[in-house]
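S.K.: I'd like to ask you about the structure that follows.
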Amino acid sequence: MEVAKLVVLPAVLVLFVLCFHFITKIFKLRNHPRLQLPPGSLGWPIVGETFEFVRTSLENSPLRFVQERMKKYDSRVFKTSLLGNHIAVFCGPAGNKFLYSNENKNVQVWWPSSVKKLLRLSLVNKVGDEAKMIRKFLMTFLNAEALRNFMPKMDSIAQHHINTHWEGKKCNQSAQTSNELGKEQVHVYPIIQLYTFELACCLFLSIEDSIHVSRISTKFEDFLKGMIGFPINLPGTRFHRAMKAANEIREEIKVILKKRKMDLEEKRVSPTQDLLSHLLVTSDTSGRFLTEMEIIDNILLLLFAGHDTSRSVLSSVMWYLGQLPEVYEHVLKEQLEISQGKEAGELLQWQDVQKMKYSWNVVSEVLRLSPPVSGAYREAIKDFTYADYNIPKGWKLHWNTGSSHLDPILFPNPENFDASRFEGEGPTPFSYVPFGGGPRMCLGQEFARLEILVFMHNIVKRFKWDLVIPDEKFKYDPMLEPEKGLPIRLQPSHV
């Protein structure tokens, strides 16, 4: 009986708070009958249209949720309700431009409560001057000039990863057909995480021990799955598991941080060897240093963002290259030309990656068709008008990649894969937004570009592959991921 009370009473309390929160919002809206709100539906009490949004995401069609409402209500902006919040969804390049260019004027970054509670003191929860300061700290390490020094290390990690985890993965003999004999099979999605996470651990924390990397990596799956949802911290819920995982990861980082501080004081390590050292020795113009918990939370943020999004992108790249042999051949040709200009065993340098223009166009087209996240959020910090509609202060705002990425006016035959879209001047401004835009543009964009291209360089030279499930579906949970882990059959590249 006592155990039941411990579980049921908090749940009832949470439900009561959510109901009160929803009723208060409805009452405020009724007190402003003259507001010309965007058209749309707020759905059911409390949950709004959350279940429909989640369902379409799990079916890899979150754009359907947006497209149906753009067609039914207004193609510029419409209202909905998700996770207990009234939300205005801004659509197309005009909507993207408005949100990106009005940061700290009409809008500020906003994330669901689950994200805020998991990422606490990180950049995700900072606004205004404080956000600018932390972003500057992080960008000093993540800009192109700083990352170019890590190119050989990134190449070395990619080669070691492929040698360790991709070679020797033989198919089950009884399951092989005569055409499959001699081919090797891997599940791309779980294996590629080992590469992206090892790279993040190395560059951010100088962790190179595979056992240590694996111990931290196993905690991130629970952390990720609880990222978006109702923040109900009760045993058995996704959010509870995510909170537990986040705290365990923080403890791992804290141990490393304590030792690093001593090593820096005794000059046993370089202040530029990785992100952790950089954050420990860097202050702003007024002499303020980040606190230990600020450093820990921001490294947690970057470990998450720096490997999960890239794992999603690389999995999609592998799927498209498996589907489109002519694109694979073109990528292989470009990468071989780069290798032919190098000595045997010579590692990639910065100038080599700059030559991978077609390969990056391929990645860009993958990001247009299959972005790892479908959008992000802002909050109205004052009443304002957009597209002749009133947006009340406190409303949440959402931009979605699909509203422009798959617009046939902006991208003719939008469902077709065409890397040439990114030649020359490329797409219309604010129409291609996989990394967001404005002051909140993804600060890991250059890091992601390098880790993706380095992996592509090494994998296409070693293998070509067949998709075991050619029509495998992808879903957002919350990142885009293949439902079956993307099994592929490997064979040596024909070189």
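By convention here, the chains of the structure tokens are called A, B, ... in the order presented, each chain's residues are numbered starting at 1, and ligands are numbered starting at 1 in the order presented.
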Using only C-alpha atoms, which protein or nucleic acid residues come within 12 Å of Val127 (chain A)? Drop anything in the same chain fewer than 6 positions from it, and give the result as a VMD selection string.

M.R.: chain A and resid 103 to 105 107 to 111 121 133 to 135 378 to 379 381 439 to 440

S.K.: Just all heavy atoms for this one: save the residues we selected as a short mmCIF file (atom, residue, chain, number, x, y, z; two decimals), in the first residue's frame.

M.R.:
data_model
loop_
_atom_site.label_atom_id
_atom_site.label_comp_id
_atom_site.auth_asym_id
_atom_site.auth_seq_id
_atom_site.Cartn_x
_atom_site.Cartn_y
_atom_site.Cartn_z
N GLU A 103 16.17 36.79 -32.94
CA GLU A 103 16.68 36.29 -31.66
C GLU A 103 17.01 37.47 -30.74
O GLU A 103 17.69 38.42 -31.13
CB GLU A 103 17.93 35.44 -31.90
CG GLU A 103 18.47 34.77 -30.64
CD GLU A 103 17.65 33.56 -30.23
OE1 GLU A 103 16.98 32.96 -31.10
OE2 GLU A 103 17.69 33.22 -29.03
N ASN A 104 16.49 37.41 -29.51
CA ASN A 104 16.67 38.45 -28.49
C ASN A 104 15.96 39.76 -28.82
O ASN A 104 16.14 40.75 -28.12
CB ASN A 104 18.16 38.73 -28.23
CG ASN A 104 18.89 37.51 -27.71
OD1 ASN A 104 18.36 36.76 -26.89
ND2 ASN A 104 20.10 37.29 -28.19
N LYS A 105 15.15 39.76 -29.88
CA LYS A 105 14.31 40.93 -30.20
C LYS A 105 12.85 40.58 -29.91
O LYS A 105 12.24 41.14 -29.00
CB LYS A 105 14.49 41.32 -31.67
CG LYS A 105 15.92 41.70 -32.03
CD LYS A 105 16.06 41.90 -33.54
CE LYS A 105 17.50 42.12 -33.96
NZ LYS A 105 17.66 42.21 -35.43
N VAL A 107 11.99 37.04 -30.12
CA VAL A 107 12.00 35.63 -29.72
C VAL A 107 13.31 35.28 -29.01
O VAL A 107 14.31 35.98 -29.14
CB VAL A 107 11.82 34.70 -30.95
CG1 VAL A 107 10.60 35.11 -31.76
CG2 VAL A 107 13.06 34.71 -31.84
N GLN A 108 13.26 34.19 -28.27
CA GLN A 108 14.45 33.59 -27.67
C GLN A 108 14.36 32.07 -27.81
O GLN A 108 13.28 31.51 -27.97
CB GLN A 108 14.57 33.96 -26.19
CG GLN A 108 15.10 35.36 -25.94
CD GLN A 108 15.27 35.66 -24.46
OE1 GLN A 108 14.68 34.98 -23.61
NE2 GLN A 108 16.05 36.67 -24.14
N VAL A 109 15.52 31.45 -27.73
CA VAL A 109 15.55 29.99 -27.85
C VAL A 109 14.70 29.38 -26.74
O VAL A 109 14.62 29.90 -25.63
CB VAL A 109 17.00 29.48 -27.78
CG1 VAL A 109 17.59 29.65 -26.38
CG2 VAL A 109 17.08 28.02 -28.22
N TRP A 110 14.04 28.29 -27.08
CA TRP A 110 13.23 27.56 -26.09
C TRP A 110 13.29 26.09 -26.41
O TRP A 110 13.36 25.68 -27.58
CB TRP A 110 11.77 28.03 -26.14
CG TRP A 110 10.87 27.28 -25.19
CD1 TRP A 110 10.66 27.56 -23.87
CD2 TRP A 110 10.09 26.11 -25.49
NE1 TRP A 110 9.78 26.65 -23.32
CE2 TRP A 110 9.42 25.74 -24.30
CE3 TRP A 110 9.88 25.35 -26.63
CZ2 TRP A 110 8.57 24.64 -24.23
CZ3 TRP A 110 9.03 24.25 -26.56
CH2 TRP A 110 8.39 23.91 -25.37
N TRP A 111 13.29 25.27 -25.37
CA TRP A 111 13.22 23.82 -25.51
C TRP A 111 12.21 23.27 -24.53
O TRP A 111 11.96 23.89 -23.48
CB TRP A 111 14.59 23.18 -25.27
CG TRP A 111 15.57 23.45 -26.36
CD1 TRP A 111 16.59 24.36 -26.34
CD2 TRP A 111 15.62 22.82 -27.64
NE1 TRP A 111 17.27 24.34 -27.54
CE2 TRP A 111 16.70 23.41 -28.35
CE3 TRP A 111 14.87 21.82 -28.26
CZ2 TRP A 111 17.04 23.01 -29.65
CZ3 TRP A 111 15.21 21.44 -29.54
CH2 TRP A 111 16.28 22.03 -30.22
N LEU A 121 22.77 23.60 -17.06
CA LEU A 121 23.53 24.85 -17.17
C LEU A 121 24.21 25.02 -18.52
O LEU A 121 25.02 25.92 -18.69
CB LEU A 121 24.58 24.92 -16.06
CG LEU A 121 24.06 24.88 -14.63
CD1 LEU A 121 25.21 24.88 -13.64
CD2 LEU A 121 23.14 26.07 -14.37
N MET A 133 28.42 34.61 -24.48
CA MET A 133 29.70 34.33 -23.84
C MET A 133 30.05 32.85 -23.95
O MET A 133 31.16 32.48 -24.37
CB MET A 133 29.66 34.74 -22.38
CG MET A 133 30.95 34.42 -21.61
SD MET A 133 30.75 34.53 -19.82
CE MET A 133 29.78 33.05 -19.49
N ILE A 134 29.10 31.98 -23.60
CA ILE A 134 29.37 30.54 -23.63
C ILE A 134 29.59 30.08 -25.07
O ILE A 134 30.48 29.27 -25.35
CB ILE A 134 28.22 29.76 -22.96
CG1 ILE A 134 28.20 30.07 -21.46
CG2 ILE A 134 28.39 28.26 -23.20
CD1 ILE A 134 27.10 29.37 -20.71
N ARG A 135 28.81 30.60 -25.98
CA ARG A 135 28.98 30.23 -27.39
C ARG A 135 30.38 30.62 -27.88
O ARG A 135 31.03 29.87 -28.61
CB ARG A 135 27.91 30.91 -28.24
CG ARG A 135 27.92 30.44 -29.70
CD ARG A 135 26.83 31.10 -30.50
NE ARG A 135 26.88 30.66 -31.88
CZ ARG A 135 26.28 29.58 -32.35
NH1 ARG A 135 25.55 28.84 -31.54
NH2 ARG A 135 26.39 29.23 -33.62
N ARG A 378 11.54 28.23 -30.48
CA ARG A 378 11.78 29.55 -29.90
C ARG A 378 10.60 29.88 -29.00
O ARG A 378 9.58 29.19 -29.00
CB ARG A 378 11.90 30.62 -30.99
CG ARG A 378 13.05 30.41 -31.99
CD ARG A 378 14.40 30.60 -31.36
NE ARG A 378 15.46 30.59 -32.36
CZ ARG A 378 16.11 29.50 -32.76
NH1 ARG A 378 15.77 28.31 -32.28
NH2 ARG A 378 17.09 29.58 -33.64
N GLU A 379 10.71 30.99 -28.27
CA GLU A 379 9.61 31.49 -27.43
C GLU A 379 9.43 32.96 -27.70
O GLU A 379 10.42 33.71 -27.81
CB GLU A 379 9.91 31.26 -25.95
CG GLU A 379 8.80 31.75 -25.03
CD GLU A 379 9.06 31.45 -23.57
OE1 GLU A 379 10.24 31.26 -23.20
OE2 GLU A 379 8.10 31.42 -22.79
N ILE A 381 9.04 36.55 -26.70
CA ILE A 381 9.35 37.28 -25.47
C ILE A 381 8.57 38.60 -25.40
O ILE A 381 8.71 39.35 -24.44
CB ILE A 381 10.87 37.54 -25.34
CG1 ILE A 381 11.40 38.29 -26.56
CG2 ILE A 381 11.60 36.24 -25.13
CD1 ILE A 381 12.90 38.64 -26.46
N PRO A 439 21.93 33.62 -34.76
CA PRO A 439 22.83 33.49 -33.61
C PRO A 439 22.82 32.11 -32.97
O PRO A 439 23.74 31.76 -32.24
CB PRO A 439 22.30 34.55 -32.62
CG PRO A 439 21.50 35.49 -33.45
CD PRO A 439 20.93 34.70 -34.55
N ARG A 440 21.77 31.33 -33.24
CA ARG A 440 21.66 30.00 -32.65
C ARG A 440 22.00 28.89 -33.64
O ARG A 440 21.68 27.72 -33.41
CB ARG A 440 20.24 29.79 -32.12
CG ARG A 440 19.96 30.56 -30.85
CD ARG A 440 20.63 29.88 -29.66
NE ARG A 440 20.48 30.64 -28.44
CZ ARG A 440 20.80 30.20 -27.23
NH1 ARG A 440 21.27 28.98 -27.09
NH2 ARG A 440 20.64 30.95 -26.17
#

S.K.: Which neighbours of region 144-161 of chain A fall inside 7 Å, counting only C-alpha atoms, when residues of the same chain fewer than 4 positions from it are skipped, and could you give them as a ChimeraX atom specification?

M.R.: /A:165,195,199,347-350,446,451,454-455,458

S.K.: Please identify all polymer residues within 10 Å of Phe223 (chain A), counting only C-alpha atoms, omitting same-chain residues fewer than 4 positions from it, and present them as a PyMOL selection string.

M.R.: chain A and resi 118+218-219+227+238-247+249+304

S.K.: For the contact check between region 130-223 of chain A and region 312-323 of chain A, emit one row per residue of region 130-223 of chain A within 8 Å, containing the shortest atom pair and the distance in Å rounded to one decimal, counting only C-alpha atoms, chain then rising number order, as a tab-separated table.

M.R.:
residue	atom	partner	partner_atom	distance
A:Val188	CA	A:Ser315	CA	6.3
A:Tyr189	CA	A:Ser315	CA	5.8
A:Ile192	CA	A:Ser315	CA	7.5

S.K.: Could you turn the residues from that selection into a file that holds C-alpha atoms, as a PDB file, in the first residue's frame?

M.R.:
ATOM      1  CA  VAL A 188      25.484   0.471 -39.545  1.00  0.00           C
ATOM      2  CA  TYR A 189      23.553   2.478 -36.939  1.00  0.00           C
ATOM      3  CA  ILE A 192      28.840   3.876 -36.453  1.00  0.00           C
TER       4      ILE A 192
END

S.K.: Excluding Met293 (chain A) and residues on its chain fewer than 3 positions from it, collect all residues at most 10 Å away from it, counting only C-alpha atoms, and give them as a PyMOL selection string.

M.R.: chain A and resi 120-122+250+253-254+290+296-299

S.K.: Since we have the selection now, will you write its residues out, keeping C-alpha atoms, as a short mmCIF file (atom, residue, chain, number, x, y, z; two decimals), in the first residue's frame?

M.R.:
data_model
loop_
_atom_site.label_atom_id
_atom_site.label_comp_id
_atom_site.auth_asym_id
_atom_site.auth_seq_id
_atom_site.Cartn_x
_atom_site.Cartn_y
_atom_site.Cartn_z
CA ARG A 120 20.72 22.22 -17.02
CA LEU A 121 23.53 24.85 -17.17
CA SER A 122 24.52 24.26 -20.78
CA ARG A 250 28.23 13.96 -15.29
CA ILE A 253 33.16 13.91 -16.60
CA LYS A 254 33.63 15.32 -13.09
CA LEU A 290 32.98 28.98 -16.28
CA ILE A 296 30.43 19.62 -17.23
CA ASP A 297 26.96 20.44 -18.61
CA ASN A 298 28.36 21.97 -21.79
CA ILE A 299 30.62 18.99 -22.42
#

S.K.: I need the residue nearest His278 (chain A) from this list: A:Lys484, A:Lys136, A:Lys225, A:Arg69. Use only C-alpha atoms for the distance.

M.R.: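 Between A:Lys484, A:Lys136, A:Lys225, A:Arg69, the residue approaching His278 (chain A) most closely is A:Lys136.
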
S.K.: Determine, counting only C-alpha atoms, which protein, DNA and RNA residues have an atom within 12 Å of an atom of region 409-416 of chain A; residues of the same chain fewer than 2 positions away are not included. Present the result as number ranges by chain.

M.R.: A: 92-93, 320, 324, 365-366, 368-370, 402-407, 418-422, 426-432
